[in-house]
>>> print(open('target_32.cif').read())   # mmCIF, C-alpha atoms; chains and numbers go by the auth columns
data_work
loop_
_atom_site.group_PDB
_atom_site.id
_atom_site.type_symbol
_atom_site.label_atom_id
_atom_site.label_comp_id
_atom_site.label_asym_id
_atom_site.label_seq_id
_atom_site.Cartn_x
_atom_site.Cartn_y
_atom_site.Cartn_z
_atom_site.B_iso_or_equiv
_atom_site.auth_seq_id
_atom_site.auth_asym_id
ATOM 1 C CA MET A 1 0.000 0.000 0.000 0.00 1258 A
ATOM 2 C CA PRO A 2 1.440 3.397 -0.928 0.00 1259 A
ATOM 3 C CA ALA A 3 2.216 5.570 2.079 0.00 1260 A
ATOM 4 C CA MET A 4 -0.209 8.344 1.127 0.00 1261 A
ATOM 5 C CA TYR A 5 -3.368 6.537 2.299 0.00 1262 A
ATOM 6 C CA GLU A 6 -2.103 3.698 4.500 0.00 1263 A
ATOM 7 C CA ASP A 7 -3.402 5.379 7.681 0.00 1264 A
ATOM 8 C CA LEU A 8 -6.823 6.098 6.196 0.00 1265 A
ATOM 9 C CA GLN A 9 -9.658 4.600 8.257 0.00 1266 A
ATOM 10 C CA ILE A 10 -13.442 4.531 8.119 0.00 1267 A
ATOM 11 C CA ILE A 11 -14.832 7.414 10.133 0.00 1268 A
ATOM 12 C CA SER A 12 -17.928 7.055 12.295 0.00 1269 A
ATOM 13 C CA TYR A 13 -20.955 9.142 13.125 0.00 1270 A
ATOM 14 C CA PRO A 14 -21.053 11.954 14.290 0.00 1271 A
ATOM 15 C CA ASP A 15 -17.855 13.025 12.499 0.00 1272 A
ATOM 16 C CA PRO A 16 -18.879 16.281 10.739 0.00 1273 A
ATOM 17 C CA ARG A 17 -17.186 15.221 7.489 0.00 1274 A
ATOM 18 C CA LEU A 18 -20.025 12.703 7.012 0.00 1275 A
ATOM 19 C CA LYS A 19 -22.562 15.536 6.741 0.00 1276 A
ATOM 20 C CA LYS A 20 -20.580 17.681 4.303 0.00 1277 A
ATOM 21 C CA PRO A 21 -21.560 17.619 0.594 0.00 1278 A
ATOM 22 C CA SER A 22 -18.705 16.385 -1.583 0.00 1279 A
ATOM 23 C CA ALA A 23 -16.908 18.196 -4.389 0.00 1280 A
ATOM 24 C CA PRO A 24 -16.541 16.749 -7.896 0.00 1281 A
ATOM 25 C CA VAL A 25 -13.407 14.790 -8.747 0.00 1282 A
ATOM 26 C CA ASN A 26 -11.341 16.855 -11.184 0.00 1283 A
ATOM 27 C CA ALA A 27 -8.777 14.283 -12.342 0.00 1284 A
ATOM 28 C CA VAL A 28 -8.309 10.534 -12.380 0.00 1285 A
ATOM 29 C CA ASP A 29 -4.650 10.296 -11.376 0.00 1286 A
ATOM 30 C CA ASP A 30 -2.305 8.047 -9.382 0.00 1287 A
ATOM 31 C CA SER A 31 -3.370 9.645 -6.098 0.00 1288 A
ATOM 32 C CA LEU A 32 -7.023 8.846 -6.808 0.00 1289 A
ATOM 33 C CA LYS A 33 -6.090 5.273 -7.759 0.00 1290 A
ATOM 34 C CA GLU A 34 -4.231 4.896 -4.435 0.00 1291 A
ATOM 35 C CA LEU A 35 -7.282 6.219 -2.580 0.00 1292 A
ATOM 36 C CA VAL A 36 -9.546 3.737 -4.389 0.00 1293 A
ATOM 37 C CA ALA A 37 -7.198 0.829 -3.571 0.00 1294 A
ATOM 38 C CA ARG A 38 -7.301 1.746 0.128 0.00 1295 A
ATOM 39 C CA MET A 39 -11.072 2.183 0.079 0.00 1296 A
ATOM 40 C CA LEU A 40 -11.558 -1.270 -1.476 0.00 1297 A
ATOM 41 C CA GLN A 41 -9.224 -2.729 1.151 0.00 1298 A
ATOM 42 C CA LEU A 42 -11.159 -1.078 4.000 0.00 1299 A
ATOM 43 C CA MET A 43 -14.508 -2.113 2.515 0.00 1300 A
ATOM 44 C CA ARG A 44 -13.374 -5.751 2.475 0.00 1301 A
ATOM 45 C CA GLU A 45 -11.799 -5.619 5.964 0.00 1302 A
ATOM 46 C CA HIS A 46 -15.089 -4.304 7.387 0.00 1303 A
ATOM 47 C CA HIS A 47 -17.257 -6.694 5.340 0.00 1304 A
ATOM 48 C CA GLY A 48 -19.065 -3.908 3.503 0.00 1305 A
ATOM 49 C CA VAL A 49 -20.583 -3.865 0.031 0.00 1306 A
ATOM 50 C CA GLY A 50 -19.919 -0.174 -0.583 0.00 1307 A
ATOM 51 C CA LEU A 51 -17.823 2.688 0.720 0.00 1308 A
ATOM 52 C CA ALA A 52 -18.011 6.367 -0.198 0.00 1309 A
ATOM 53 C CA ALA A 53 -15.036 8.716 -0.045 0.00 1310 A
ATOM 54 C CA PRO A 54 -16.618 10.851 2.733 0.00 1311 A
ATOM 55 C CA GLN A 55 -16.606 7.727 4.925 0.00 1312 A
ATOM 56 C CA VAL A 56 -12.797 7.859 4.893 0.00 1313 A
ATOM 57 C CA GLY A 57 -12.740 11.631 5.402 0.00 1314 A
ATOM 58 C CA GLN A 58 -12.301 12.545 1.730 0.00 1315 A
ATOM 59 C CA ASN A 59 -15.146 14.805 0.632 0.00 1316 A
ATOM 60 C CA ILE A 60 -15.047 14.034 -3.082 0.00 1317 A
ATOM 61 C CA ARG A 61 -17.719 12.480 -5.314 0.00 1318 A
ATOM 62 C CA LEU A 62 -16.400 8.926 -5.436 0.00 1319 A
ATOM 63 C CA PHE A 63 -17.560 5.566 -4.154 0.00 1320 A
ATOM 64 C CA VAL A 64 -16.566 1.938 -4.495 0.00 1321 A
ATOM 65 C CA MET A 65 -18.763 -1.133 -4.254 0.00 1322 A
ATOM 66 C CA ASN A 66 -18.764 -4.876 -4.641 0.00 1323 A
ATOM 67 C CA HIS A 67 -22.146 -6.593 -4.532 0.00 1324 A
ATOM 68 C CA SER A 68 -20.802 -10.175 -4.537 0.00 1325 A
ATOM 69 C CA GLY A 69 -17.563 -10.186 -2.533 0.00 1326 A
ATOM 70 C CA ASP A 70 -15.635 -11.469 -5.571 0.00 1327 A
ATOM 71 C CA PRO A 71 -12.799 -9.025 -6.429 0.00 1328 A
ATOM 72 C CA LYS A 72 -13.720 -9.232 -10.122 0.00 1329 A
ATOM 73 C CA ASP A 73 -16.951 -7.420 -9.168 0.00 1330 A
ATOM 74 C CA ASP A 74 -15.168 -4.377 -7.684 0.00 1331 A
ATOM 75 C CA ARG A 75 -16.691 -1.200 -9.086 0.00 1332 A
ATOM 76 C CA VAL A 76 -15.583 2.427 -8.875 0.00 1333 A
ATOM 77 C CA TYR A 77 -17.953 5.315 -9.556 0.00 1334 A
ATOM 78 C CA ILE A 78 -16.502 8.814 -9.992 0.00 1335 A
ATOM 79 C CA ASN A 79 -18.816 11.852 -10.148 0.00 1336 A
ATOM 80 C CA PRO A 80 -21.937 9.653 -10.258 0.00 1337 A
ATOM 81 C CA GLU A 81 -25.357 10.845 -11.372 0.00 1338 A
ATOM 82 C CA LEU A 82 -28.511 8.852 -10.661 0.00 1339 A
ATOM 83 C CA THR A 83 -31.532 9.323 -12.921 0.00 1340 A
ATOM 84 C CA GLU A 84 -34.636 7.561 -14.253 0.00 1341 A
ATOM 85 C CA ALA A 85 -35.825 6.316 -10.875 0.00 1342 A
ATOM 86 C CA GLU A 86 -38.653 3.789 -10.989 0.00 1343 A
ATOM 87 C CA GLY A 87 -40.660 2.058 -8.290 0.00 1344 A
ATOM 88 C CA ALA A 88 -39.995 1.908 -4.561 0.00 1345 A
ATOM 89 C CA GLU A 89 -38.721 -0.766 -2.247 0.00 1346 A
ATOM 90 C CA ASP A 90 -38.353 -0.914 1.546 0.00 1347 A
ATOM 91 C CA ALA A 91 -35.426 -2.955 2.894 0.00 1348 A
ATOM 92 C CA GLU A 92 -32.997 -3.034 5.798 0.00 1349 A
ATOM 93 C CA GLU A 93 -29.660 -1.260 5.465 0.00 1350 A
ATOM 94 C CA GLY A 94 -26.587 -0.898 7.625 0.00 1351 A
ATOM 95 C CA CYS A 95 -23.658 1.486 7.287 0.00 1352 A
ATOM 96 C CA LEU A 96 -19.946 1.126 8.003 0.00 1353 A
ATOM 97 C CA SER A 97 -19.971 4.642 9.512 0.00 1354 A
ATOM 98 C CA LEU A 98 -22.876 3.740 11.821 0.00 1355 A
ATOM 99 C CA PRO A 99 -21.728 0.397 13.242 0.00 1356 A
ATOM 100 C CA GLY A 100 -24.437 -1.554 15.006 0.00 1357 A
ATOM 101 C CA ILE A 101 -27.316 0.420 13.497 0.00 1358 A
ATOM 102 C CA ASN A 102 -29.639 -1.045 10.883 0.00 1359 A
ATOM 103 C CA ALA A 103 -32.799 0.548 9.570 0.00 1360 A
ATOM 104 C CA ASN A 104 -35.470 -0.020 6.972 0.00 1361 A
ATOM 105 C CA VAL A 105 -35.067 2.548 4.211 0.00 1362 A
ATOM 106 C CA VAL A 106 -37.323 3.153 1.220 0.00 1363 A
ATOM 107 C CA ARG A 107 -35.296 3.424 -1.987 0.00 1364 A
ATOM 108 C CA ASP A 108 -36.030 3.609 -5.683 0.00 1365 A
ATOM 109 C CA LYS A 109 -36.196 0.092 -7.119 0.00 1366 A
ATOM 110 C CA THR A 110 -34.593 0.841 -10.515 0.00 1367 A
ATOM 111 C CA LEU A 111 -32.115 3.551 -11.509 0.00 1368 A
ATOM 112 C CA ARG A 112 -29.754 4.636 -14.244 0.00 1369 A
ATOM 113 C CA MET A 113 -26.166 5.424 -13.204 0.00 1370 A
ATOM 114 C CA ARG A 114 -23.903 7.710 -15.181 0.00 1371 A
ATOM 115 C CA ALA A 115 -20.351 8.101 -13.893 0.00 1372 A
ATOM 116 C CA VAL A 116 -16.706 7.644 -14.810 0.00 1373 A
ATOM 117 C CA ASP A 117 -14.613 4.610 -13.890 0.00 1374 A
ATOM 118 C CA LEU A 118 -11.002 4.515 -12.688 0.00 1375 A
ATOM 119 C CA ASP A 119 -9.740 4.338 -16.264 0.00 1376 A
ATOM 120 C CA GLY A 120 -11.627 7.532 -17.171 0.00 1377 A
ATOM 121 C CA ARG A 121 -14.246 5.633 -19.212 0.00 1378 A
ATOM 122 C CA SER A 122 -17.900 6.623 -19.090 0.00 1379 A
ATOM 123 C CA ILE A 123 -20.324 4.367 -17.250 0.00 1380 A
ATOM 124 C CA ASP A 124 -23.974 4.310 -18.250 0.00 1381 A
ATOM 125 C CA GLN A 125 -25.937 1.428 -16.778 0.00 1382 A
ATOM 126 C CA LYS A 126 -29.347 0.641 -15.388 0.00 1383 A
ATOM 127 C CA GLU A 127 -29.869 -1.648 -12.387 0.00 1384 A
ATOM 128 C CA THR A 128 -32.737 -2.936 -10.296 0.00 1385 A
ATOM 129 C CA GLY A 129 -32.901 -4.107 -6.709 0.00 1386 A
ATOM 130 C CA TYR A 130 -29.818 -4.630 -4.548 0.00 1387 A
ATOM 131 C CA ILE A 131 -27.246 -2.866 -6.760 0.00 1388 A
ATOM 132 C CA ALA A 132 -29.575 0.132 -7.214 0.00 1389 A
ATOM 133 C CA ARG A 133 -29.995 0.235 -3.405 0.00 1390 A
ATOM 134 C CA VAL A 134 -26.216 0.234 -2.829 0.00 1391 A
ATOM 135 C CA TRP A 135 -25.817 3.020 -5.396 0.00 1392 A
ATOM 136 C CA GLN A 136 -28.388 5.158 -3.581 0.00 1393 A
ATOM 137 C CA HIS A 137 -26.888 4.514 -0.145 0.00 1394 A
ATOM 138 C CA GLU A 138 -23.391 5.508 -1.303 0.00 1395 A
ATOM 139 C CA PHE A 139 -24.720 8.418 -3.380 0.00 1396 A
ATOM 140 C CA ASP A 140 -26.422 9.734 -0.218 0.00 1397 A
ATOM 141 C CA HIS A 141 -23.006 9.843 1.478 0.00 1398 A
ATOM 142 C CA LEU A 142 -21.732 12.118 -1.303 0.00 1399 A
ATOM 143 C CA ASN A 143 -24.530 14.546 -0.420 0.00 1400 A
ATOM 144 C CA GLY A 144 -24.002 14.375 3.346 0.00 1401 A
ATOM 145 C CA THR A 145 -27.039 12.152 3.976 0.00 1402 A
ATOM 146 C CA LEU A 146 -26.897 9.174 6.352 0.00 1403 A
ATOM 147 C CA ILE A 147 -29.374 6.332 6.899 0.00 1404 A
ATOM 148 C CA ILE A 148 -30.373 7.962 10.189 0.00 1405 A
ATOM 149 C CA ASP A 149 -31.625 10.903 8.101 0.00 1406 A
ATOM 150 C CA ARG A 150 -33.939 8.476 6.275 0.00 1407 A
ATOM 151 C CA MET A 151 -35.126 6.555 9.350 0.00 1408 A
ATOM 152 C CA GLY A 152 -38.612 6.945 10.732 0.00 1409 A
ATOM 153 C CA ALA A 153 -39.237 8.233 14.256 0.00 1410 A
ATOM 154 C CA VAL A 154 -39.687 4.751 15.758 0.00 1411 A
ATOM 155 C CA ALA A 155 -36.435 3.499 14.221 0.00 1412 A
ATOM 156 C CA LYS A 156 -34.593 6.575 15.511 0.00 1413 A
ATOM 157 C CA MET A 157 -35.936 5.922 18.994 0.00 1414 A
ATOM 158 C CA ALA A 158 -34.796 2.301 18.787 0.00 1415 A
ATOM 159 C CA ALA A 159 -31.299 3.410 17.705 0.00 1416 A
ATOM 160 C CA ARG A 160 -30.878 6.280 20.162 0.00 1417 A
ATOM 161 C CA LYS A 161 -28.796 4.312 22.687 0.00 1418 A
ATOM 162 C CA LYS A 162 -26.329 3.202 20.004 0.00 1419 A
ATOM 163 C CA LEU A 163 -26.239 6.712 18.519 0.00 1420 A
ATOM 164 C CA ARG A 164 -25.445 8.135 21.966 0.00 1421 A
ATOM 165 C CA GLU A 165 -22.619 5.581 22.366 0.00 1422 A
ATOM 166 C CA LEU A 166 -21.170 6.643 18.993 0.00 1423 A
ATOM 167 C CA GLU A 167 -21.449 10.326 19.980 0.00 1424 A
ATOM 168 C CA GLU A 168 -19.708 9.691 23.313 0.00 1425 A
ATOM 169 C CA ALA A 169 -16.922 7.706 21.626 0.00 1426 A
ATOM 170 C CA TYR A 170 -16.418 10.531 19.132 0.00 1427 A
ATOM 171 C CA GLU A 171 -16.311 13.161 21.893 0.00 1428 A
ATOM 172 C CA ALA A 172 -13.781 11.077 23.851 0.00 1429 A
ATOM 173 C CA ALA A 173 -11.550 10.769 20.782 0.00 1430 A
ATOM 174 C CA HIS A 174 -11.996 14.436 19.772 0.00 1431 A
ATOM 175 C CA PRO A 175 -12.202 16.504 22.968 0.00 1432 A
ATOM 176 C CA ARG A 176 -13.182 20.097 22.523 0.00 1433 A
ATOM 177 C CA PRO A 177 -10.616 22.673 23.558 0.00 1434 A
ATOM 178 C CA PRO A 178 -11.407 24.316 26.881 0.00 1435 A
ATOM 179 C CA LYS A 179 -13.253 27.605 26.714 0.00 1436 A
ATOM 180 C CA PRO A 180 -11.057 30.604 27.431 0.00 1437 A
ATOM 181 C CA LYS A 181 -11.445 31.990 30.929 0.00 1438 A
ATOM 182 C CA LEU A 182 -12.894 35.443 31.227 0.00 1439 A
ATOM 183 C CA LEU A 183 -10.669 37.964 32.908 0.00 1440 A
ATOM 184 C CA ARG A 184 -12.383 39.960 35.592 0.00 1441 A
ATOM 185 C CA ARG A 185 -11.461 43.484 36.458 0.00 1442 A
ATOM 186 C CA LYS A 186 -10.458 44.181 40.023 0.00 1443 A
#
>>> encode(input="target_32.cif", output="structure tokens")
Amino acid sequence: MPAMYEDLQIISYPDPRLKKPSAPVNAVDDSLKELVARMLQLMREHHGVGLAAPQVGQNIRLFVMNHSGDPKDDRVYINPELTEAEGAEDAEEGCLSLPGINANVVRDKTLRMRAVDLDGRSIDQKETGYIARVWQHEFDHLNGTLIIDRMGAVAKMAARKKLRELEEAYEAAHPRPPKPKLLRRK
């Protein structure tokens, strides 16, 4: 693994980078290829089917996925656009940035994806079901949307203990600087 991204890790809620909209990718270069290699490695290590760049603290419009677990099915989507949504489907989803939280999310059943791959070639494909769901989940990350933003009130209530644990772990790892003391006149 090249040194540039070897320390890259999946970030967890409530890291503010997860809520930030991502900027377009301007060039497919060696640095981007190194980032993609690390993202695919992390996705496999954490047993995920998709991973968006914001989930590793890189706010660019890029995600990787593998619907089968077979490395020949690795996919890279740069500057994706989703169009031609059809139907609706409710299914359970999890998220590598929200460990231990699953929720039913309504997604479009069929979509068209337009993007660029890691070789700079155009992608234009239409998918239904599971792959379309993964696309939408990862695409949400590029816009700063998490599954908790799509959960109903009951699901949020059910997840509140785990969300609080994630918030406390984040605060412990990222303590806020102390507030400056006010000087009083004598």
>>> residues_around(input="target_32.cif", residues="Phe1396 (chain A)", least_positions_apart="4", cutoff="8 Å", atoms="only C-alpha atoms", output="MDAnalysis selection string")
chainID A and resid 1309 1320 1337 1392 1400
>>> write_last_selection(input="target_32.cif", atoms="C-alpha atoms", output="PDB file, in the coordinates of the input")
ATOM      1  CA  ALA A1309     -18.011   6.367  -0.198  1.00  0.00           C
ATOM      2  CA  PHE A1320     -17.560   5.566  -4.154  1.00  0.00           C
ATOM      3  CA  PRO A1337     -21.937   9.653 -10.258  1.00  0.00           C
ATOM      4  CA  TRP A1392     -25.817   3.020  -5.396  1.00  0.00           C
ATOM      5  CA  ASN A1400     -24.530  14.546  -0.420  1.00  0.00           C
TER       6      ASN A1400
END
>>> resolve_selection(input="target_32.cif", expression="the PyMOL selection byres ((chain A and resi 1362) around 7)", output="PyMOL selection string")
chain A and resi 1347-1350+1360-1361+1363-1364+1407-1408
>>> atom_distance(input="target_32.cif", atom1="CA of Asp1406 (chain A)", atom2="CA of Asp1374 (chain A)")
28.5 Å
>>> closest_atom_pairs(input="target_32.cif", of="region 1394-1420 of chain A", to="region 1268-1289 of chain A", cutoff="8 Å", atoms="only C-alpha atoms", output="Markdown table")
| residue | atom | partner | partner_atom | distance |
| --- | --- | --- | --- | --- |
| A:His1398 | CA | A:Leu1275 | CA | 6.9 |
| A:Leu1399 | CA | A:Ser1279 | CA | 5.2 |
| A:Asn1400 | CA | A:Pro1278 | CA | 4.4 |
| A:Gly1401 | CA | A:Lys1276 | CA | 3.9 |
| A:Thr1402 | CA | A:Lys1276 | CA | 6.3 |
| A:Leu1403 | CA | A:Lys1276 | CA | 7.7 |
| A:Leu1420 | CA | A:Tyr1270 | CA | 7.9 |
>>> resolve_selection(input="target_32.cif", expression="the PyMOL selection byres ((chain A and resi 1382-1389) around 8)", output="list in words")
His1324, Asp1365, Lys1366, Thr1367, Leu1368, Arg1369, Met1370, Arg1371, Ile1380, Asp1381, Arg1390, Val1391, Trp1392 and Gln1393 of chain A
>>> resolve_selection(input="target_32.cif", expression="the PyMOL selection byres ((chain A and resi 1263) around 12)", output="JSON, numbers by chain")
{"A": [1258, 1259, 1260, 1261, 1262, 1264, 1265, 1266, 1267, 1291, 1292, 1293, 1294, 1295, 1296, 1298, 1299, 1313]}
>>> closest_residue(input="target_32.cif", among="A:Pro1434, A:Leu1439, A:Gly1357, A:Asp1397", to="Lys1418 (chain A)", atoms="only C-alpha atoms")
A:Gly1357
>>> closest_residue(input="target_32.cif", among="A:His1303, A:Ile1317, A:Gly1377, A:Ile1358", to="Met1414 (chain A)", atoms="all atoms listed in the file")
A:Ile1358
>>> closest_residue(input="target_32.cif", among="A:Leu1297, A:Ala1415, A:Ala1342, A:Ala1372", to="Lys1329 (chain A)", atoms="only C-alpha atoms")
A:Leu1297
>>> residues_around(input="target_32.cif", residues="Val1373 (chain A)", least_positions_apart="5", cutoff="6 Å", atoms="all atoms listed in the file", output="compact mmCIF listing (two decimals) with C-alpha atoms, keeping the file's coordinate frame")
# COMPACT_ATOMS: atom_id res chain seq x y z
CA TYR A 1334 -17.95 5.32 -9.56
CA ILE A 1335 -16.50 8.81 -9.99
CA ARG A 1378 -14.25 5.63 -19.21
CA SER A 1379 -17.90 6.62 -19.09
CA ILE A 1380 -20.32 4.37 -17.25
>>> closest_residue(input="target_32.cif", among="A:Ile1404, A:Pro1311, A:Gly1305, A:Ala1430", to="Leu1353 (chain A)", atoms="all atoms listed in the file")
A:Gly1305
>>> closest_residue(input="target_32.cif", among="A:Val1333, A:Leu1355, A:Leu1375, A:Ile1405", to="Gln1312 (chain A)", atoms="all atoms listed in the file")
A:Leu1355
>>> axis_aligned_box(input="target_32.cif", around="region 1400-1412 of chain A", padding_each_side="5 Å", output="JSON")
{"center_x": -31.8, "center_y": 9.0, "center_z": 7.7, "size_x": 25.7, "size_y": 21.0, "size_z": 26.2}
>>> atom_distance(input="target_32.cif", atom1="CA of Glu1343 (chain A)", atom2="CA of Glu1395 (chain A)")
18.2 Å
>>> atom_distance(input="target_32.cif", atom1="CA of Ala1410 (chain A)", atom2="CA of Ala1426 (chain A)")
23.5 Å
